[in-house]
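Participant: One structure, pasted below without further comment.
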Amino acid sequence: MRANTLRRGMNLWPPFLFAGIRVLKLSDDYRHVEVRLRQRRWNSNYVGTHFGGSLFAMTDPFWMLLLLRRLGPGHVVWDRAGEIEFVSPGRGDVFARFELTDERVAEIRAAAEDGSKVLPWFDTEVVAADGTVVARVRKQVYVRRKPAKVPASA
């Protein structure tokens, strides 16, 4: 699937659309993503800051998605774990950036080459428009190379 088609689809996906989450950029080579969360009445908490679930949701699928696309169909890739640390109150628009380097992909591919499971962690900061860190999110992704298909005997 072309990156631009996926970006548009994700922007219409109800969990993102109704939470105020928008994928601003998704590079054609699946190396880079930029996401924005707009603050609305329905995604604010009791004290008028961003709802923590929305902050986590805006970062949820991207490491798995980027890695899946970069490794290709010969690998199984799943989200395994996630954690979020709330650093400062988030008000107004907040942003998250994801950058998956060639070196990191090569490292994970090499570790999974023999069929072993690999459990890399990825870090993302959610920042306000002025650069203030609102939250730090860690995601762990499960990666394993798919076994070679054995042809069925006649």
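Naming scheme: A, B, ... for chains in displayed order of the structure tokens; residues 1 onward per chain; ligands 1 onward as shown.
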Contacts of Val77 in chain A at 12 Å or less, counting only C-alpha atoms, minus same-chain residues fewer than 5 places along, as a list of chain:residue names?
Facilitator: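 My list of contacting residues is A:Pro61, A:Phe62, A:Trp63, A:Met64, A:Leu65, A:Leu66, A:Leu67, A:Leu68, A:Arg69, A:Arg70, A:Leu71, A:Gly72, A:Ile108, A:Arg109, A:Ala112, A:Lys117, A:Val118, A:Leu119, A:Pro120, A:Gln140, A:Val141, A:Tyr142, A:Val143, A:Arg144, A:Arg145, A:Lys146.
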Participant: What's the 8 Å shell around Gly82 in chain A, counting only C-alpha atoms, without same-chain residues fewer than 6 positions away, as an NGL selection string?
Facilitator: :A and (137-140)
Participant: Among chain A, which residues carry a DSSP assignment of strand (DSSP E or B), reported as a count of residues only?
Facilitator: 54
Participant: I'd like the contact shell of Thr132 in chain A - 10 Å cut-off, only C-alpha atoms, skipping same-chain residues fewer than 6 positions apart - returned as a ChimeraX atom specification.
Facilitator: /A:87-90,94,125-126
Participant: Out of range 66-113 of chain A, which residues get helix (DSSP H, G or I) from DSSP, as a PyMOL selection string?
Facilitator: chain A and resi 66-71+102-112
Participant: Have a look at CA of Gly53 in chain A and CA of Phe95 in chain A and let me know their distance in Å, one decimal.
Facilitator: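 Going from CA of Gly53 in chain A over to CA of Phe95 in chain A, I get 14.7 Å.
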